[in-house]
Every structure is written in structure tokens, then in C-alpha cells.
Amino acid sequence: MPVMPTINAAKKVLFVLTSHDVLGRTGTPTGFHLGETAVPWHRLRADGHTVDFVSVRGGRPPVVGHDPADPVQRAFMADPDGGGLLSRTLRPQEVEPGAYAGVFYVGGHGTMWDFRGHPVLHAIGRQVYESGGVLAAICHGPAALVDLTLSDGGHLVDGRELTAFSNASESMRGLADVVPFPLQTALEEAGARFSAAPDRSPHVVVSGRLVTGQNPQSSAGLGDRMAELLLKNPER
């Protein structure tokens, strides 16, 4: 049964995409993960929400995980308000954080090179969160959360339960020595209470207004949980 839009609950959500296109020195292409984008996008749009896209450098970001046979991805790419916006994503400096009720940091290995330590992305997430908004991140997207601090100087993830692409999964793919840092370890060092399911199993964690998903298989669950939290925040 299709999800019906919630009356008078439409909000704006910002999807954040990587602009990094190569896996270290391997020469292997990378970018943002299309499946992790399309599935939550459809879920939020079903509730009437508007989604804008920003990437680290703006313009058209590199993409991985594109399955042309997947009807969800095909529908996303054909929609002028979905794939039609990917050729002209905003730059972080062009974003007005006060316009958004939620921010979603999309995964893809590229995030490991350009999400962490990005001051403008941090400022956007901080303002939206401290204004009562929802933050979400999936797979490698939580790289944006590692150094994200709040106005009191504390780490956003300190003491929070969350998940992300695990060290074990990185090792299974032979990329532990390719990525610039171990994501799970960095989150734990920032105070996060990390959990993970077996590799390729869906796993979504909600901690207050923070939603995290472990991998592409968690995309549907993350979209559902984010939609639920947006509904609970009518003032945003």
C-alpha cells in the first residue's frame, strides 16, 4: 500500500552528497551511492517533503551504486525533482540552514575524503540540529558526524547510539588500508556508542533526532525512521 502524504506536514530536507571521485591511489571511481539516495528520497517525497541537494563542490557529483534495472532508481533519475537536480547541486556556501527541517548525509566511499572536517557542512548540521531538526546519515555518510561539534563544544555523537559502515565490512572489501581513516573507530573516539549487524544486513539506529543506517540495505529503514521524526517535529 502506498504511503499517503501527511496533510500540512510538508518540510524541506537537504541531502548532502560527496564530490570525491577516486578511491585513494587505487584509481577506482567512487562517489555518492545512488541507491542510498533514491530510496529515502522516495519515502520523504511520499510524505510531501521537498528535497534539495548539496554537494561538497556543487554541480554534478560523481555517483556509484547505479543500477539501471532498479525501478526505484529509474524513477528517481527520471524525476525532475530527483535525478533532474543532480546536474546543479548547491554548494555548501549557498545553503540557508534555517530553511531545512532535516539533513541527510548520503553514503558512498567518497565521503571519507571530503565530509570529515568540512566547516560549512558542520555549520549546516549544527544549526539544523540545534533548531530542533533531524539529522540522518547512512553507510559512510556518518563521516560528516565525526568532528561535528555543537555550540557548547561537545561532539554531536558523544554518548549517542549510532551505526555506520563498520571496520569489519571495510576489511572484507579490502579497503581498510585505502580509506583515510577507520570510520567506526573515529566515531567511537568521538564518544559514539557504535553497533553493527552482520555485513550486508539492514541496521538502523535512532538516538533522539539522529538516525543512522549501516549500509545500502538500511536505506528503506532509514527513510522510514527519518520520516517519522520529521512528523514528530511540526514546528519545523
# chains A, B, ... in the order shown; residues from 1 in each chain; ligands from 1

call {"tool": "residues_around", "arguments": {"residues": "Met226 in chain A", "least_positions_apart": "5", "cutoff": "8 Å", "atoms": "only C-alpha atoms", "output": "number ranges by chain"}}
result
A: 134, 136, 211

call {"tool": "select_by_dssp", "arguments": {"residues": "range 13-226 of chain A", "states": "alpha helix (DSSP H)", "output": "mmCIF file with N, CA and C atoms, in the first residue's frame"}}
result
data_model
loop_
_atom_site.group_PDB
_atom_site.id
_atom_site.type_symbol
_atom_site.label_atom_id
_atom_site.label_comp_id
_atom_site.auth_asym_id
_atom_site.auth_seq_id
_atom_site.Cartn_x
_atom_site.Cartn_y
_atom_site.Cartn_z
ATOM 1 N N LEU A 34 23.922 5.924 -5.221
ATOM 2 C CA LEU A 34 22.609 6.269 -5.755
ATOM 3 C C LEU A 34 21.477 5.538 -5.036
ATOM 4 N N GLY A 35 21.671 4.264 -4.704
ATOM 5 C CA GLY A 35 20.622 3.537 -4.008
ATOM 6 C C GLY A 35 20.303 4.141 -2.656
ATOM 7 N N GLU A 36 21.336 4.589 -1.948
ATOM 8 C CA GLU A 36 21.132 5.204 -0.637
ATOM 9 C C GLU A 36 20.467 6.575 -0.754
ATOM 10 N N THR A 37 20.462 7.118 -1.941
ATOM 11 C CA THR A 37 19.810 8.400 -2.198
ATOM 12 C C THR A 37 18.361 8.204 -2.618
ATOM 13 N N ALA A 38 18.146 7.331 -3.599
ATOM 14 C CA ALA A 38 16.828 7.183 -4.215
ATOM 15 C C ALA A 38 15.776 6.640 -3.256
ATOM 16 N N VAL A 39 16.140 5.651 -2.439
ATOM 17 C CA VAL A 39 15.145 5.014 -1.566
ATOM 18 C C VAL A 39 14.631 5.987 -0.501
ATOM 19 N N PRO A 40 15.497 6.641 0.287
ATOM 20 C CA PRO A 40 14.977 7.633 1.246
ATOM 21 C C PRO A 40 14.277 8.809 0.566
ATOM 22 N N TRP A 41 14.761 9.217 -0.608
ATOM 23 C CA TRP A 41 14.116 10.312 -1.343
ATOM 24 C C TRP A 41 12.662 9.969 -1.632
ATOM 25 N N HIS A 42 12.398 8.776 -2.137
ATOM 26 C CA HIS A 42 11.027 8.366 -2.426
ATOM 27 C C HIS A 42 10.176 8.356 -1.152
ATOM 28 N N ARG A 43 10.755 7.899 -0.050
ATOM 29 C CA ARG A 43 9.991 7.838 1.198
ATOM 30 C C ARG A 43 9.611 9.240 1.685
ATOM 31 N N LEU A 44 10.532 10.154 1.651
ATOM 32 C CA LEU A 44 10.245 11.508 2.125
ATOM 33 C C LEU A 44 9.311 12.242 1.172
ATOM 34 N N ARG A 45 9.484 12.028 -0.115
ATOM 35 C CA ARG A 45 8.588 12.656 -1.089
ATOM 36 C C ARG A 45 7.160 12.134 -0.945
ATOM 37 N N ALA A 46 7.008 10.874 -0.551
ATOM 38 C CA ALA A 46 5.680 10.310 -0.345
ATOM 39 C C ALA A 46 4.927 11.030 0.767
ATOM 40 N N PRO A 71 13.824 -0.295 -10.468
ATOM 41 C CA PRO A 71 12.754 0.667 -10.783
ATOM 42 C C PRO A 71 12.746 1.887 -9.868
ATOM 43 N N VAL A 72 13.185 1.725 -8.618
ATOM 44 C CA VAL A 72 13.227 2.867 -7.699
ATOM 45 C C VAL A 72 14.260 3.878 -8.176
ATOM 46 N N GLN A 73 15.423 3.387 -8.569
ATOM 47 C CA GLN A 73 16.458 4.290 -9.071
ATOM 48 C C GLN A 73 16.048 4.910 -10.396
ATOM 49 N N ARG A 74 15.425 4.115 -11.252
ATOM 50 C CA ARG A 74 14.989 4.652 -12.546
ATOM 51 C C ARG A 74 13.991 5.780 -12.351
ATOM 52 N N ALA A 75 13.042 5.579 -11.454
ATOM 53 C CA ALA A 75 12.035 6.612 -11.209
ATOM 54 C C ALA A 75 12.672 7.870 -10.629
ATOM 55 N N PHE A 76 13.636 7.678 -9.735
ATOM 56 C CA PHE A 76 14.338 8.821 -9.160
ATOM 57 C C PHE A 76 15.077 9.605 -10.234
ATOM 58 N N MET A 77 15.843 8.902 -11.072
ATOM 59 C CA MET A 77 16.641 9.569 -12.093
ATOM 60 C C MET A 77 15.770 10.278 -13.119
ATOM 61 N N ALA A 78 14.571 9.766 -13.374
ATOM 62 C CA ALA A 78 13.688 10.370 -14.374
ATOM 63 C C ALA A 78 12.896 11.545 -13.828
ATOM 64 N N THR A 111 32.764 10.068 0.587
ATOM 65 C CA THR A 111 32.558 10.904 1.775
ATOM 66 C C THR A 111 33.745 10.850 2.732
ATOM 67 N N MET A 112 34.489 9.753 2.678
ATOM 68 C CA MET A 112 35.602 9.593 3.603
ATOM 69 C C MET A 112 36.718 10.595 3.333
ATOM 70 N N TRP A 113 36.721 11.183 2.158
ATOM 71 C CA TRP A 113 37.747 12.166 1.804
ATOM 72 C C TRP A 113 37.263 13.612 1.937
ATOM 73 N N ASP A 114 35.966 13.860 1.826
ATOM 74 C CA ASP A 114 35.567 15.287 1.828
ATOM 75 C C ASP A 114 34.449 15.674 2.791
ATOM 76 N N PRO A 119 34.040 22.607 7.435
ATOM 77 C CA PRO A 119 33.435 23.557 8.379
ATOM 78 C C PRO A 119 32.033 24.000 7.994
ATOM 79 N N VAL A 120 31.757 24.153 6.697
ATOM 80 C CA VAL A 120 30.424 24.629 6.300
ATOM 81 C C VAL A 120 29.389 23.514 6.460
ATOM 82 N N LEU A 121 29.748 22.288 6.092
ATOM 83 C CA LEU A 121 28.832 21.176 6.320
ATOM 84 C C LEU A 121 28.550 21.011 7.806
ATOM 85 N N HIS A 122 29.561 21.191 8.636
ATOM 86 C CA HIS A 122 29.356 21.114 10.079
ATOM 87 C C HIS A 122 28.401 22.209 10.551
ATOM 88 N N ALA A 123 28.583 23.409 10.043
ATOM 89 C CA ALA A 123 27.738 24.522 10.460
ATOM 90 C C ALA A 123 26.282 24.298 10.071
ATOM 91 N N ILE A 124 26.060 23.721 8.884
ATOM 92 C CA ILE A 124 24.697 23.432 8.445
ATOM 93 C C ILE A 124 24.058 22.417 9.378
ATOM 94 N N GLY A 125 24.761 21.315 9.631
ATOM 95 C CA GLY A 125 24.218 20.285 10.511
ATOM 96 C C GLY A 125 23.972 20.804 11.910
ATOM 97 N N ARG A 126 24.903 21.591 12.424
ATOM 98 C CA ARG A 126 24.764 22.136 13.781
ATOM 99 C C ARG A 126 23.524 23.012 13.889
ATOM 100 N N GLN A 127 23.341 23.926 12.930
ATOM 101 C CA GLN A 127 22.213 24.849 13.017
ATOM 102 C C GLN A 127 20.886 24.119 12.903
ATOM 103 N N VAL A 128 20.799 23.182 11.963
ATOM 104 C CA VAL A 128 19.546 22.447 11.796
ATOM 105 C C VAL A 128 19.240 21.638 13.053
ATOM 106 N N TYR A 129 20.251 20.958 13.593
ATOM 107 C CA TYR A 129 20.028 20.126 14.775
ATOM 108 C C TYR A 129 19.660 20.970 15.994
ATOM 109 N N GLU A 130 20.386 22.057 16.212
ATOM 110 C CA GLU A 130 20.123 22.871 17.396
ATOM 111 C C GLU A 130 18.830 23.670 17.275
ATOM 112 N N ASN A 167 34.198 -1.314 10.638
ATOM 113 C CA ASN A 167 35.588 -1.674 10.323
ATOM 114 C C ASN A 167 35.661 -3.062 9.693
ATOM 115 N N ALA A 168 34.830 -3.988 10.190
ATOM 116 C CA ALA A 168 34.850 -5.347 9.654
ATOM 117 C C ALA A 168 34.425 -5.366 8.194
ATOM 118 N N SER A 169 33.397 -4.593 7.857
ATOM 119 C CA SER A 169 32.937 -4.541 6.470
ATOM 120 C C SER A 169 33.986 -3.912 5.568
ATOM 121 N N GLU A 170 34.679 -2.903 6.077
ATOM 122 C CA GLU A 170 35.745 -2.268 5.288
ATOM 123 C C GLU A 170 36.855 -3.269 4.999
ATOM 124 N N SER A 171 37.201 -4.057 5.990
ATOM 125 C CA SER A 171 38.251 -5.053 5.810
ATOM 126 C C SER A 171 37.829 -6.130 4.820
ATOM 127 N N MET A 172 36.560 -6.529 4.883
ATOM 128 C CA MET A 172 36.062 -7.560 3.970
ATOM 129 C C MET A 172 36.187 -7.139 2.512
ATOM 130 N N LEU A 183 36.270 4.553 9.903
ATOM 131 C CA LEU A 183 35.092 5.322 10.297
ATOM 132 C C LEU A 183 34.547 4.898 11.657
ATOM 133 N N GLN A 184 34.383 3.610 11.856
ATOM 134 C CA GLN A 184 33.858 3.142 13.141
ATOM 135 C C GLN A 184 34.725 3.617 14.298
ATOM 136 N N THR A 185 36.020 3.471 14.160
ATOM 137 C CA THR A 185 36.939 3.878 15.226
ATOM 138 C C THR A 185 36.853 5.373 15.493
ATOM 139 N N ALA A 186 36.795 6.171 14.442
ATOM 140 C CA ALA A 186 36.736 7.624 14.615
ATOM 141 C C ALA A 186 35.462 8.040 15.336
ATOM 142 N N LEU A 187 34.345 7.409 15.011
ATOM 143 C CA LEU A 187 33.085 7.722 15.697
ATOM 144 C C LEU A 187 33.150 7.321 17.164
ATOM 145 N N GLU A 188 33.736 6.165 17.432
ATOM 146 C CA GLU A 188 33.864 5.713 18.821
ATOM 147 C C GLU A 188 34.786 6.641 19.603
ATOM 148 N N GLU A 189 35.836 7.114 18.980
ATOM 149 C CA GLU A 189 36.755 8.033 19.662
ATOM 150 C C GLU A 189 36.083 9.366 19.967
ATOM 151 N N SER A 219 18.683 1.460 3.695
ATOM 152 C CA SER A 219 18.122 2.690 3.128
ATOM 153 C C SER A 219 16.634 2.845 3.402
ATOM 154 N N ALA A 220 15.866 1.767 3.228
ATOM 155 C CA ALA A 220 14.423 1.861 3.433
ATOM 156 C C ALA A 220 14.105 2.142 4.898
ATOM 157 N N GLY A 221 14.754 1.438 5.800
ATOM 158 C CA GLY A 221 14.514 1.659 7.214
ATOM 159 C C GLY A 221 14.900 3.053 7.651
ATOM 160 N N LEU A 222 16.021 3.559 7.131
ATOM 161 C CA LEU A 222 16.429 4.921 7.476
ATOM 162 C C LEU A 222 15.400 5.929 6.984
ATOM 163 N N GLY A 223 14.911 5.746 5.759
ATOM 164 C CA GLY A 223 13.903 6.659 5.237
ATOM 165 C C GLY A 223 12.650 6.664 6.090
ATOM 166 N N ASP A 224 12.222 5.489 6.544
ATOM 167 C CA ASP A 224 11.033 5.393 7.397
ATOM 168 C C ASP A 224 11.252 6.121 8.723
ATOM 169 N N ARG A 225 12.389 5.873 9.343
ATOM 170 C CA ARG A 225 12.644 6.489 10.651
ATOM 171 C C ARG A 225 12.786 8.008 10.528
ATOM 172 N N MET A 226 13.419 8.473 9.473
ATOM 173 C CA MET A 226 13.558 9.917 9.289
ATOM 174 C C MET A 226 12.191 10.554 9.065
#

call {"tool": "residues_around", "arguments": {"residues": "Gly59 in chain A", "least_positions_apart": "6", "cutoff": "12 Å", "atoms": "only C-alpha atoms", "output": "list in words"}}
result
Leu17, Thr18, Ser19, Phe53, Gly84, Leu85, Leu86, Ser87, Arg88, Thr89, Leu90, Arg91, Pro92 and Glu94 of chain A

call {"tool": "write_last_selection", "arguments": {"atoms": "N, CA, C and O atoms", "output": "PDB file, in the first residue's frame"}}
result
ATOM      1  N   LEU A  17      25.779  15.286  -0.580  1.00  0.00           N
ATOM      2  CA  LEU A  17      26.480  14.318  -1.424  1.00  0.00           C
ATOM      3  C   LEU A  17      27.969  14.640  -1.506  1.00  0.00           C
ATOM      4  O   LEU A  17      28.366  15.808  -1.497  1.00  0.00           O
ATOM      5  N   THR A  18      28.782  13.597  -1.613  1.00  0.00           N
ATOM      6  CA  THR A  18      30.218  13.785  -1.783  1.00  0.00           C
ATOM      7  C   THR A  18      30.544  14.265  -3.200  1.00  0.00           C
ATOM      8  O   THR A  18      29.810  13.982  -4.152  1.00  0.00           O
ATOM      9  N   SER A  19      31.663  14.932  -3.335  1.00  0.00           N
ATOM     10  CA  SER A  19      32.194  15.319  -4.645  1.00  0.00           C
ATOM     11  C   SER A  19      33.483  14.575  -4.973  1.00  0.00           C
ATOM     12  O   SER A  19      34.078  14.811  -6.024  1.00  0.00           O
ATOM     13  N   PHE A  53      19.448  19.227  -2.950  1.00  0.00           N
ATOM     14  CA  PHE A  53      20.721  18.509  -2.971  1.00  0.00           C
ATOM     15  C   PHE A  53      21.883  19.496  -2.904  1.00  0.00           C
ATOM     16  O   PHE A  53      21.917  20.483  -3.633  1.00  0.00           O
ATOM     17  N   GLY A  84      16.899  14.897 -11.827  1.00  0.00           N
ATOM     18  CA  GLY A  84      16.985  16.119 -12.619  1.00  0.00           C
ATOM     19  C   GLY A  84      17.726  17.246 -11.932  1.00  0.00           C
ATOM     20  O   GLY A  84      18.162  18.201 -12.591  1.00  0.00           O
ATOM     21  N   LEU A  85      17.881  17.153 -10.610  1.00  0.00           N
ATOM     22  CA  LEU A  85      18.587  18.201  -9.866  1.00  0.00           C
ATOM     23  C   LEU A  85      20.069  17.901  -9.680  1.00  0.00           C
ATOM     24  O   LEU A  85      20.815  18.763  -9.210  1.00  0.00           O
ATOM     25  N   LEU A  86      20.493  16.697 -10.038  1.00  0.00           N
ATOM     26  CA  LEU A  86      21.870  16.300  -9.752  1.00  0.00           C
ATOM     27  C   LEU A  86      22.903  17.053 -10.577  1.00  0.00           C
ATOM     28  O   LEU A  86      24.075  17.116 -10.199  1.00  0.00           O
ATOM     29  N   SER A  87      22.494  17.616 -11.702  1.00  0.00           N
ATOM     30  CA  SER A  87      23.455  18.352 -12.525  1.00  0.00           C
ATOM     31  C   SER A  87      23.750  19.744 -11.974  1.00  0.00           C
ATOM     32  O   SER A  87      24.682  20.412 -12.420  1.00  0.00           O
ATOM     33  N   ARG A  88      22.968  20.152 -10.997  1.00  0.00           N
ATOM     34  CA  ARG A  88      23.145  21.515 -10.459  1.00  0.00           C
ATOM     35  C   ARG A  88      22.951  21.537  -8.944  1.00  0.00           C
ATOM     36  O   ARG A  88      22.218  22.371  -8.402  1.00  0.00           O
ATOM     37  N   THR A  89      23.634  20.629  -8.264  1.00  0.00           N
ATOM     38  CA  THR A  89      23.559  20.643  -6.805  1.00  0.00           C
ATOM     39  C   THR A  89      24.156  21.938  -6.259  1.00  0.00           C
ATOM     40  O   THR A  89      25.048  22.543  -6.850  1.00  0.00           O
ATOM     41  N   LEU A  90      23.647  22.345  -5.122  1.00  0.00           N
ATOM     42  CA  LEU A  90      24.139  23.544  -4.456  1.00  0.00           C
ATOM     43  C   LEU A  90      25.542  23.329  -3.916  1.00  0.00           C
ATOM     44  O   LEU A  90      25.959  22.196  -3.663  1.00  0.00           O
ATOM     45  N   ARG A  91      26.274  24.418  -3.725  1.00  0.00           N
ATOM     46  CA  ARG A  91      27.499  24.385  -2.949  1.00  0.00           C
ATOM     47  C   ARG A  91      27.132  24.627  -1.489  1.00  0.00           C
ATOM     48  O   ARG A  91      26.134  25.301  -1.207  1.00  0.00           O
ATOM     49  N   PRO A  92      27.886  24.106  -0.539  1.00  0.00           N
ATOM     50  CA  PRO A  92      27.541  24.318   0.870  1.00  0.00           C
ATOM     51  C   PRO A  92      27.357  25.787   1.243  1.00  0.00           C
ATOM     52  O   PRO A  92      26.487  26.130   2.042  1.00  0.00           O
ATOM     53  N   GLU A  94      26.042  28.023  -0.401  1.00  0.00           N
ATOM     54  CA  GLU A  94      24.783  28.550  -0.921  1.00  0.00           C
ATOM     55  C   GLU A  94      23.572  28.093  -0.114  1.00  0.00           C
ATOM     56  O   GLU A  94      22.452  28.522  -0.386  1.00  0.00           O
TER      57      GLU A  94
END

call {"tool": "closest_residue", "arguments": {"among": "A:Val56, A:Pro61, A:Asp152, A:Pro202", "to": "His118 in chain A", "atoms": "only C-alpha atoms"}}
result
A:Val56
